[in-house]
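work.tsv follows (TSV, C-alpha atoms):
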```tsv
chain	number	residue	atom	x	y	z
F	1	MET	CA	45.82	-46.79	-10.72
F	2	THR	CA	43.29	-44.23	-11.80
F	3	ASP	CA	44.61	-41.21	-13.66
F	4	GLU	CA	44.16	-39.14	-10.50
F	5	ALA	CA	46.09	-41.64	-8.40
F	6	PHE	CA	48.87	-41.76	-11.00
F	7	LEU	CA	49.18	-37.96	-11.07
F	8	ASP	CA	49.17	-37.86	-7.30
F	9	ASP	CA	52.03	-40.36	-7.16
F	10	LEU	CA	54.00	-38.48	-9.83
F	11	ALA	CA	53.51	-35.12	-8.12
F	12	ARG	CA	54.27	-36.45	-4.65
F	13	ARG	CA	57.56	-37.90	-5.89
F	14	ALA	CA	58.49	-34.62	-7.57
F	15	PHE	CA	57.74	-32.84	-4.28
F	16	ARG	CA	60.09	-35.20	-2.46
F	17	TYR	CA	62.92	-33.98	-4.68
F	18	PHE	CA	62.60	-30.46	-3.31
F	19	PHE	CA	61.87	-31.40	0.28
F	20	ASP	CA	64.50	-34.10	0.61
F	21	THR	CA	67.43	-32.62	-1.33
F	22	ALA	CA	67.26	-29.01	-0.08
F	23	HIS	CA	70.34	-28.25	2.00
F	24	PRO	CA	69.44	-28.62	5.70
F	25	HIS	CA	71.06	-25.31	6.72
F	26	THR	CA	70.59	-23.01	3.71
F	27	GLY	CA	67.44	-24.52	2.20
F	28	LEU	CA	68.91	-24.08	-1.29
F	29	VAL	CA	67.82	-26.67	-3.85
F	30	PRO	CA	70.49	-28.50	-5.86
F	31	ASP	CA	70.46	-28.20	-9.61
F	32	ARG	CA	70.33	-31.99	-9.88
F	33	ALA	CA	70.44	-35.21	-7.88
F	34	ARG	CA	70.84	-38.89	-8.60
F	35	ALA	CA	67.63	-40.37	-9.95
F	36	ASP	CA	67.86	-43.25	-7.46
F	37	GLY	CA	67.88	-40.80	-4.55
F	38	SER	CA	71.40	-41.74	-3.48
F	39	ARG	CA	73.07	-38.32	-3.71
F	40	ALA	CA	72.18	-34.67	-4.23
F	41	GLY	CA	74.41	-32.25	-6.09
F	42	GLU	CA	76.55	-29.61	-4.39
F	43	VAL	CA	75.60	-26.74	-6.70
F	44	ALA	CA	72.25	-25.04	-6.14
F	45	SER	CA	70.11	-23.71	-8.97
F	46	VAL	CA	68.37	-20.40	-8.32
F	47	ALA	CA	65.56	-21.46	-10.68
F	48	ALA	CA	65.16	-24.85	-8.98
F	49	THR	CA	65.03	-23.05	-5.64
F	50	GLY	CA	62.15	-20.96	-7.00
F	51	PHE	CA	60.31	-24.12	-8.01
F	52	GLY	CA	61.14	-25.51	-4.56
F	53	LEU	CA	59.48	-22.60	-2.76
F	54	THR	CA	56.28	-23.29	-4.67
F	55	ALA	CA	56.69	-27.02	-4.03
F	56	LEU	CA	56.52	-26.23	-0.30
F	57	VAL	CA	53.17	-24.51	-0.87
F	58	ILE	CA	51.83	-27.53	-2.74
F	59	GLY	CA	53.21	-29.98	-0.19
F	60	ALA	CA	51.66	-28.08	2.69
F	61	GLU	CA	48.30	-27.79	0.94
F	62	ARG	CA	48.30	-31.48	0.02
F	63	GLY	CA	49.39	-32.55	3.52
F	64	TRP	CA	52.51	-34.31	2.24
F	65	GLU	CA	54.45	-32.57	5.01
F	66	ALA	CA	53.27	-30.51	7.97
F	67	ARG	CA	52.40	-26.92	7.10
F	68	ALA	CA	54.63	-25.61	9.91
F	69	GLU	CA	57.60	-27.56	8.56
F	70	CYS	CA	57.03	-26.33	5.00
F	71	ARG	CA	56.75	-22.76	6.26
F	72	ALA	CA	59.99	-23.16	8.23
F	73	CYS	CA	61.74	-24.48	5.13
F	74	ALA	CA	60.51	-21.52	3.08
F	75	GLU	CA	61.72	-19.08	5.72
F	76	ARG	CA	65.11	-20.81	5.86
F	77	VAL	CA	65.81	-20.53	2.15
F	78	LEU	CA	64.51	-16.97	1.84
F	79	ARG	CA	66.63	-15.85	4.78
F	80	THR	CA	69.66	-17.42	3.11
F	81	LEU	CA	68.91	-15.68	-0.18
F	82	TRP	CA	68.31	-12.30	1.45
F	83	ARG	CA	71.35	-12.41	3.69
F	84	ASP	CA	73.93	-14.54	1.88
F	85	GLY	CA	72.79	-15.24	-1.70
F	86	ALA	CA	75.29	-13.88	-4.22
F	87	GLN	CA	73.57	-11.21	-6.30
F	88	GLU	CA	74.01	-7.95	-8.15
F	89	ARG	CA	71.30	-5.28	-8.07
F	90	GLY	CA	68.94	-7.97	-6.80
F	91	PHE	CA	69.64	-10.43	-9.63
F	92	PHE	CA	71.02	-13.74	-8.40
F	93	TYR	CA	73.77	-15.75	-9.97
F	94	HIS	CA	72.48	-18.71	-11.96
F	95	PHE	CA	74.23	-21.25	-9.72
F	96	LEU	CA	75.15	-20.95	-6.05
F	97	ASP	CA	77.18	-23.02	-3.63
F	98	VAL	CA	74.48	-25.04	-1.90
F	99	ARG	CA	76.22	-24.68	1.49
F	100	ALA	CA	76.81	-20.95	1.58
F	101	GLY	CA	74.85	-19.28	-1.23
F	102	GLN	CA	77.93	-17.85	-2.94
F	103	ARG	CA	78.56	-17.77	-6.70
F	104	ALA	CA	79.38	-21.19	-8.12
F	105	GLY	CA	82.13	-21.12	-10.72
F	106	ALA	CA	82.09	-18.42	-13.38
F	107	CYS	CA	78.32	-18.38	-13.94
F	108	GLU	CA	76.36	-15.27	-14.83
F	109	VAL	CA	73.88	-13.15	-12.94
F	110	SER	CA	70.70	-14.42	-14.66
F	111	SER	CA	67.52	-12.47	-15.34
F	112	MET	CA	65.46	-15.53	-16.22
F	113	ASP	CA	66.56	-17.63	-13.27
F	114	THR	CA	66.02	-14.73	-10.89
F	115	ALA	CA	62.49	-14.33	-12.25
F	116	LEU	CA	61.69	-17.98	-11.50
F	117	LEU	CA	63.07	-17.50	-7.99
F	118	VAL	CA	60.92	-14.40	-7.52
F	119	PHE	CA	57.79	-16.25	-8.68
F	120	GLY	CA	58.50	-18.99	-6.15
F	121	ALA	CA	59.13	-16.45	-3.40
F	122	ILE	CA	55.87	-14.62	-4.12
F	123	THR	CA	53.94	-17.89	-4.07
F	124	ALA	CA	55.39	-18.77	-0.67
F	125	ALA	CA	54.73	-15.23	0.60
F	126	ARG	CA	51.09	-15.29	-0.37
F	127	HIS	CA	50.52	-18.76	1.06
F	128	PHE	CA	52.49	-18.66	4.32
F	129	GLY	CA	52.50	-14.94	5.17
F	130	GLY	CA	54.41	-13.63	8.19
F	131	VAL	CA	58.20	-13.63	8.07
F	132	VAL	CA	58.12	-15.60	4.80
F	133	ALA	CA	56.19	-12.76	3.19
F	134	GLU	CA	58.50	-10.10	4.63
F	135	LEU	CA	61.61	-11.82	3.28
F	136	ALA	CA	60.04	-12.58	-0.10
F	137	GLN	CA	58.87	-9.00	-0.53
F	138	ALA	CA	62.34	-7.68	0.34
F	139	ILE	CA	63.96	-10.01	-2.21
F	140	GLU	CA	61.53	-9.01	-4.95
F	141	ALA	CA	61.87	-5.30	-4.19
F	142	ARG	CA	65.67	-5.49	-4.48
F	143	VAL	CA	65.55	-6.63	-8.14
F	144	ASP	CA	66.44	-3.59	-10.27
F	145	TRP	CA	64.90	-4.60	-13.60
F	146	PRO	CA	65.93	-1.45	-15.52
F	147	TRP	CA	69.58	-2.23	-14.76
F	148	LEU	CA	69.48	-5.13	-17.25
F	149	MET	CA	67.36	-3.31	-19.86
F	150	ASP	CA	68.90	-2.81	-23.29
F	151	ALA	CA	68.54	0.21	-25.57
F	152	GLU	CA	65.32	-1.23	-27.06
F	153	LYS	CA	63.83	-1.64	-23.54
F	154	ARG	CA	64.16	-5.44	-23.59
F	155	ILE	CA	65.57	-7.49	-20.73
F	156	GLY	CA	69.15	-8.65	-21.10
F	157	HIS	CA	70.08	-12.25	-20.37
F	158	GLY	CA	72.53	-11.40	-17.62
F	159	TRP	CA	75.80	-9.95	-16.38
F	160	THR	CA	79.17	-11.06	-15.07
F	161	PRO	CA	81.75	-9.05	-13.14
F	162	GLU	CA	84.36	-10.16	-15.64
F	163	ARG	CA	82.55	-9.13	-18.85
F	164	GLY	CA	79.72	-6.86	-17.83
F	165	SER	CA	76.32	-7.23	-19.51
F	166	LEU	CA	75.94	-10.29	-21.70
F	167	PRO	CA	75.46	-9.47	-25.41
F	168	CYS	CA	72.03	-11.12	-25.77
F	169	SER	CA	68.58	-9.82	-24.84
F	170	TRP	CA	65.18	-11.50	-24.73
F	171	ASP	CA	64.17	-10.10	-28.11
F	172	GLN	CA	61.75	-12.68	-29.56
F	173	PHE	CA	59.44	-15.48	-28.46
F	174	SER	CA	60.97	-17.69	-25.80
F	175	GLU	CA	60.52	-18.57	-22.13
F	176	HIS	CA	60.96	-14.96	-21.04
F	177	TYR	CA	57.43	-13.68	-21.64
F	178	GLY	CA	56.21	-14.42	-18.10
F	179	MET	CA	59.24	-12.61	-16.71
F	180	THR	CA	58.79	-9.68	-19.10
F	181	TRP	CA	55.12	-9.33	-18.19
F	182	PHE	CA	55.88	-9.30	-14.47
F	183	ALA	CA	58.85	-6.95	-14.80
F	184	SER	CA	56.85	-4.42	-16.83
F	185	HIS	CA	53.56	-4.65	-14.90
F	186	ASP	CA	53.99	-5.80	-11.30
F	187	ALA	CA	57.61	-5.47	-10.17
F	188	SER	CA	58.59	-3.08	-7.39
F	189	ARG	CA	61.34	-1.64	-9.61
F	190	PRO	CA	59.61	-2.07	-12.96
F	191	LEU	CA	60.60	-1.79	-16.56
F	192	PRO	CA	58.75	0.80	-18.67
F	193	ALA	CA	55.33	-0.44	-19.75
F	194	GLU	CA	56.46	-0.43	-23.39
F	195	SER	CA	58.96	-3.21	-22.63
F	196	TRP	CA	56.09	-5.68	-22.95
F	197	ARG	CA	55.69	-4.74	-26.63
F	198	ALA	CA	59.41	-4.40	-27.34
F	199	TRP	CA	60.11	-8.06	-28.09
F	200	ARG	CA	59.30	-9.53	-31.49
F	201	ARG	CA	56.38	-11.97	-31.75
F	202	GLU	CA	58.24	-14.43	-33.97
F	203	PRO	CA	58.89	-16.96	-35.34
F	204	PHE	CA	55.48	-18.39	-36.20
F	205	VAL	CA	55.44	-21.99	-37.37
F	206	GLU	CA	52.76	-24.00	-39.16
F	207	TYR	CA	52.82	-27.74	-38.56
F	208	ALA	CA	50.19	-30.49	-38.60
F	209	GLY	CA	47.40	-27.96	-39.04
F	210	GLU	CA	48.58	-25.84	-36.10
F	211	ARG	CA	50.01	-22.32	-36.27
F	212	PHE	CA	51.87	-21.00	-33.25
F	213	LEU	CA	54.80	-18.98	-31.96
F	214	HIS	CA	57.63	-21.41	-31.66
F	215	HIS	CA	60.90	-22.26	-29.99
F	216	PRO	CA	61.64	-25.98	-30.26
F	217	PRO	CA	62.01	-27.15	-26.59
F	218	LEU	CA	58.56	-27.33	-25.03
F	219	PHE	CA	59.66	-25.78	-21.76
F	220	VAL	CA	59.59	-22.32	-23.37
F	221	HIS	CA	55.79	-22.58	-23.51
F	222	GLN	CA	55.52	-24.12	-20.05
F	223	PHE	CA	57.70	-22.10	-17.67
F	224	PRO	CA	55.89	-18.76	-18.21
F	225	GLN	CA	52.59	-20.50	-17.40
F	226	ALA	CA	53.64	-22.47	-14.33
F	227	TRP	CA	52.84	-19.51	-12.07
F	228	LEU	CA	50.87	-17.06	-14.23
F	229	ASP	CA	47.44	-17.97	-15.60
F	230	TRP	CA	47.31	-16.91	-19.25
F	231	ARG	CA	44.06	-18.69	-20.15
F	232	SER	CA	41.98	-15.55	-20.68
F	233	TYR	CA	44.66	-13.21	-22.00
F	234	VAL	CA	44.94	-12.25	-25.68
F	235	ASP	CA	48.18	-10.55	-26.63
F	236	GLU	CA	47.38	-7.32	-28.48
F	237	ALA	CA	50.71	-7.28	-30.30
F	238	SER	CA	50.21	-10.71	-31.92
F	239	GLY	CA	46.53	-11.55	-31.44
F	240	VAL	CA	47.39	-14.88	-29.82
F	241	ASN	CA	46.41	-16.55	-26.57
F	242	PHE	CA	49.57	-18.04	-25.06
F	243	PHE	CA	47.68	-20.84	-23.33
F	244	ALA	CA	46.15	-21.96	-26.62
F	245	GLN	CA	49.55	-21.56	-28.28
F	246	ALA	CA	51.09	-23.95	-25.77
F	247	GLY	CA	48.43	-26.53	-26.55
F	248	ALA	CA	49.06	-26.17	-30.27
F	249	ALA	CA	52.82	-26.54	-29.78
F	250	THR	CA	52.30	-29.67	-27.67
F	251	ARG	CA	49.97	-31.29	-30.19
F	252	ALA	CA	52.37	-30.42	-33.00
F	253	GLN	CA	55.26	-31.99	-31.13
F	254	LYS	CA	53.29	-35.17	-30.53
F	255	ARG	CA	52.57	-35.36	-34.26
F	256	PHE	CA	56.24	-34.62	-35.03
F	257	CYS	CA	57.39	-37.50	-32.83
F	258	ARG	CA	54.85	-39.88	-34.36
F	259	GLU	CA	56.09	-38.98	-37.83
F	260	LEU	CA	59.65	-39.81	-36.78
F	261	ALA	CA	58.69	-43.34	-35.76
F	262	GLY	CA	60.30	-44.56	-38.97
F	263	HIS	CA	63.63	-43.44	-37.51
F	264	PHE	CA	62.79	-44.22	-33.88
F	265	PRO	CA	60.34	-47.14	-33.93
F	266	LEU	CA	59.56	-47.01	-30.21
F	267	TRP	CA	58.18	-43.49	-30.52
F	268	GLY	CA	54.47	-43.38	-31.24
F	269	GLU	CA	50.99	-42.24	-30.29
F	270	ASN	CA	51.68	-42.34	-26.56
F	271	VAL	CA	55.48	-42.31	-26.57
F	272	TRP	CA	56.75	-38.81	-27.30
F	273	GLY	CA	58.18	-35.72	-25.64
F	274	LEU	CA	61.15	-33.44	-26.31
F	275	SER	CA	62.59	-30.59	-24.31
F	276	SER	CA	66.05	-29.57	-23.17
F	277	SER	CA	67.50	-32.48	-21.21
F	278	ASP	CA	70.38	-34.76	-20.46
F	279	SER	CA	71.33	-37.30	-23.11
F	280	ALA	CA	74.01	-39.90	-23.69
F	281	ALA	CA	75.94	-37.13	-25.46
F	282	GLY	CA	75.47	-34.53	-22.71
F	283	TYR	CA	72.91	-31.79	-22.18
F	284	VAL	CA	70.98	-30.95	-25.37
F	285	ASP	CA	68.42	-28.20	-26.05
F	286	TRP	CA	66.39	-30.28	-28.42
F	287	GLY	CA	62.72	-30.11	-29.29
F	288	GLY	CA	60.40	-30.02	-32.22
F	289	PRO	CA	58.77	-29.70	-34.64
F	290	PRO	CA	61.32	-28.04	-36.97
F	291	VAL	CA	61.12	-24.33	-37.64
F	292	ARG	CA	61.11	-24.93	-41.40
F	293	ALA	CA	59.37	-27.79	-43.16
F	294	GLY	CA	61.63	-30.73	-43.82
F	295	GLU	CA	64.28	-29.77	-41.25
F	296	VAL	CA	64.93	-32.17	-38.38
F	297	ASP	CA	67.46	-31.61	-35.61
F	298	ALA	CA	70.35	-33.92	-36.47
F	299	ARG	CA	71.09	-34.38	-32.77
F	300	LEU	CA	67.86	-36.32	-32.20
F	301	ASP	CA	68.83	-39.88	-31.28
F	302	GLY	CA	65.62	-41.42	-29.94
F	303	THR	CA	65.87	-39.95	-26.44
F	304	LEU	CA	62.61	-38.98	-24.74
F	305	VAL	CA	62.06	-36.39	-22.00
F	306	PRO	CA	59.12	-37.13	-19.67
F	307	CYS	CA	58.98	-33.62	-18.20
F	308	ALA	CA	58.28	-32.28	-21.71
F	309	VAL	CA	54.98	-34.14	-21.51
F	310	ALA	CA	54.29	-33.44	-17.83
F	311	GLY	CA	54.88	-29.72	-18.29
F	312	SER	CA	52.03	-29.59	-20.81
F	313	LEU	CA	49.46	-31.35	-18.61
F	314	PRO	CA	47.12	-28.33	-18.32
F	315	PHE	CA	47.26	-27.65	-22.08
F	316	VAL	CA	46.50	-31.12	-23.49
F	317	PRO	CA	45.62	-33.26	-20.45
F	318	GLY	CA	44.30	-36.36	-22.19
F	319	ASP	CA	47.27	-36.82	-24.50
F	320	CYS	CA	49.79	-36.00	-21.78
F	321	ILE	CA	48.35	-38.32	-19.15
F	322	ALA	CA	48.19	-41.14	-21.71
F	323	ALA	CA	51.83	-40.63	-22.67
F	324	LEU	CA	53.09	-40.46	-19.08
F	325	ARG	CA	51.15	-43.59	-18.17
F	326	GLU	CA	52.40	-45.43	-21.24
F	327	MET	CA	56.04	-44.62	-20.47
F	328	HIS	CA	55.53	-45.62	-16.85
F	329	ALA	CA	53.82	-48.88	-17.80
F	330	ARG	CA	56.37	-49.93	-20.44
F	331	TRP	CA	59.64	-48.96	-18.78
F	332	GLY	CA	58.61	-48.91	-15.13
F	333	GLU	CA	61.24	-48.83	-12.42
F	334	GLY	CA	63.97	-48.49	-15.00
F	335	ILE	CA	63.00	-44.86	-15.53
F	336	TYR	CA	60.76	-44.12	-12.49
F	337	GLY	CA	62.35	-43.70	-9.10
F	338	PRO	CA	61.89	-41.93	-5.75
F	339	TYR	CA	61.64	-38.49	-7.43
F	340	GLY	CA	59.54	-39.64	-10.38
F	341	PHE	CA	60.80	-39.97	-13.94
F	342	ALA	CA	64.52	-39.78	-14.66
F	343	ASP	CA	65.36	-36.66	-16.60
F	344	ALA	CA	65.47	-38.51	-19.94
F	345	PHE	CA	65.82	-41.99	-21.41
F	346	ASN	CA	66.41	-43.64	-24.76
F	347	PRO	CA	64.17	-46.68	-25.19
F	348	HIS	CA	66.10	-47.73	-28.30
F	349	THR	CA	69.50	-48.02	-26.61
F	350	GLY	CA	68.54	-48.60	-22.99
F	351	TRP	CA	70.29	-45.41	-21.86
F	352	VAL	CA	68.66	-43.75	-18.82
F	353	ALA	CA	69.81	-40.45	-17.31
F	354	ALA	CA	71.57	-40.96	-14.02
F	355	ASP	CA	70.08	-37.73	-12.67
F	356	VAL	CA	66.91	-35.82	-12.20
F	357	ILE	CA	67.10	-32.05	-12.73
F	358	GLY	CA	65.42	-29.62	-10.37
F	359	ILE	CA	63.70	-27.40	-12.93
F	360	ASP	CA	62.32	-30.46	-14.73
F	361	GLN	CA	60.90	-31.93	-11.52
F	362	GLY	CA	59.56	-28.47	-10.80
F	363	ILE	CA	57.62	-28.02	-14.02
F	364	THR	CA	56.24	-31.54	-13.56
F	365	LEU	CA	54.98	-30.76	-10.05
F	366	LEU	CA	53.55	-27.32	-10.73
F	367	MET	CA	51.75	-28.24	-13.93
F	368	ALA	CA	50.32	-31.42	-12.43
F	369	GLU	CA	48.94	-29.27	-9.59
F	370	ASN	CA	47.58	-26.62	-11.93
F	371	LEU	CA	45.73	-29.31	-13.86
F	372	ARG	CA	44.39	-30.98	-10.74
F	373	SER	CA	43.41	-27.97	-8.63
F	374	GLY	CA	44.69	-24.74	-10.17
F	375	LEU	CA	46.35	-24.01	-6.81
F	376	VAL	CA	49.42	-22.15	-8.06
F	377	TRP	CA	47.39	-20.05	-10.48
F	378	ARG	CA	44.94	-19.17	-7.68
F	379	VAL	CA	47.70	-18.14	-5.29
F	380	MET	CA	49.20	-15.94	-8.02
F	381	GLU	CA	45.82	-14.51	-9.12
F	382	PRO	CA	46.76	-10.85	-8.45
F	383	PHE	CA	49.53	-11.16	-11.04
F	384	ARG	CA	47.38	-12.81	-13.71
F	385	PRO	CA	47.89	-11.15	-17.12
F	386	GLY	CA	44.92	-9.23	-18.33
```
Starting from the file, give its structure as structure tokens.
Amino acid sequence: MTDEAFLDDLARRAFRYFFDTAHPHTGLVPDRARADGSRAGEVASVAATGFGLTALVIGAERGWEARAECRACAERVLRTLWRDGAQERGFFYHFLDVRAGQRAGACEVSSMDTALLVFGAITAARHFGGVVAELAQAIEARVDWPWLMDAEKRIGHGWTPERGSLPCSWDQFSEHYGMTWFASHDASRPLPAESWRAWRREPFVEYAGERFLHHPPLFVHQFPQAWLDWRSYVDEASGVNFFAQAGAATRAQKRFCRELAGHFPLWGENVWGLSSSDSAAGYVDWGGPPVRAGEVDARLDGTLVPCAVAGSLPFVPGDCIAALREMHARWGEGIYGPYGFADAFNPHTGWVAADVIGIDQGITLLMAENLRSGLVWRVMEPFRPG
């Protein structure tokens, strides 16, 4: 296949995850499903549902499913969220019962996951219009951002009815910066404008000739840029361009993985990629390079995470396409199924994740589309930072 044909196949399979596993009555997207397509989970992820709403836009635009059907699916899930989705002050619980939209287990009301849902809803609203737009606008307008603001005007992580506000806030560089920008600039119930400057621009890391704001899993650079186009924005508080920073972090991680080939001999020039994922030992928030020179996460065991590479496609396209194609060519159907790559695999032990995870299929699909056509960024143009 050509690179374009390969990316089309990868993206189409990721789209099938959202279209095929969404609950037929609620439209909610499960947090995970079996990688072989045999069974979807019974717990919905609010964040995955946000990715799923944007997946419907991409699928309709690409002609992978009829536009009318994609629009109907978007209306179904937004109606469920507006009418039945468990929430507090507009913020949804992290996980919902896929059948009824009620709180799953003892999970928290989540600021970050609600933001990803809102981004997906806005994308669907702007693309499909009509009732979809009305529902999406109502959901966004219900989110009371100041309710979760701490004393320093930063966004708190969440809330539970049992414990109240969680003790942590988004106070330094991490995946929140897209959410914080939207909440302080474009939300219907916004934070004060100074909230954008309230979080610390740290830590900076220098590695392999690159200097960048850093948090080890690559998704923290990717999620804020899946919907919002940061290519022309320079942050006054730090002097950095977040798009360029994401490229630097990706290149540094590739170098980091190459340098660990002495420990993991199957890692190399085109075999790399770390981000939070499943592993043989459970879910791990691993990444790289280390924050301080010489430190390596002791949990690293040779596992690779394909969505870590796919999520950086717009930042470093040549390196990322080469790595995805190499993994596909070498391990083939063992790691590549009806929804694309399994969540993670360890080429040294033969372990392959039994599941795919919705947010990981989502970042794969959206970033492949942004590289290929810029569709999501164009739809979200009015919210572009700058």
Coordinates-based distance that separates atom CA of F:Ala280 from atom CA of F:Gly334 (Å, one decimal)
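Atom CA of F:Ala280 lies 15.8 Å from atom CA of F:Gly334.
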Could you check the closest approach to F:Pro314 for each of F:Leu148, F:Leu116, F:Leu365, F:Val379 and tell me which residue wins, using only C-alpha atoms?
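Going through F:Leu148, F:Leu116, F:Leu365, F:Val379 one by one, the smallest distance to F:Pro314 is for F:Leu365.
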For F:Ala261, which residue among F:Gly302, F:Trp159, F:Gln222, F:Ala48 is the nearest when counting all atoms listed in the file?
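With all atoms listed in the file as the atom set, the closest residue is F:Gly302.
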Pick out the residues sitting within 9 Å of F:Leu366, and hand them over as JSON, numbers by chain; count all atoms listed in the file, and ignore anything fewer than 4 positions along from it in its own chain.
{"F": [11, 51, 54, 55, 58, 226, 227, 311, 361, 362, 370, 371, 375, 376]}
For each of F:Ala183, F:Ile363, F:Leu266, F:Ala124, take the minimum atom-to-atom distance to F:Pro306, counting all atoms listed in the file, then give the residue where this is smallest.
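Residue with the minimum atom-to-atom distance to F:Pro306: F:Ile363.
We find atom CA of F:Arg12 and atom CA of F:Trp64 to be spaced 7.4 Å apart.
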F:Pro190 proximity check over F:Glu140, F:Asp301, F:Asp8, F:Asp36, using all atoms listed in the file: winner is F:Glu140
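Restricting the calculation to all atoms listed in the file, the smallest distance between F:Ile122 and any of F:Tyr339, F:Phe182, F:Trp196, F:Phe219 is found for F:Phe182.
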Quick one: everything within 10 Å of F:Ser165, counting all atoms listed in the file, minus sequence neighbours fewer than 3 positions away in the same chain. Send it as JSON, numbers by chain.
{"F": [108, 109, 147, 148, 149, 150, 156, 157, 158, 159, 160, 161, 162, 168, 169]}
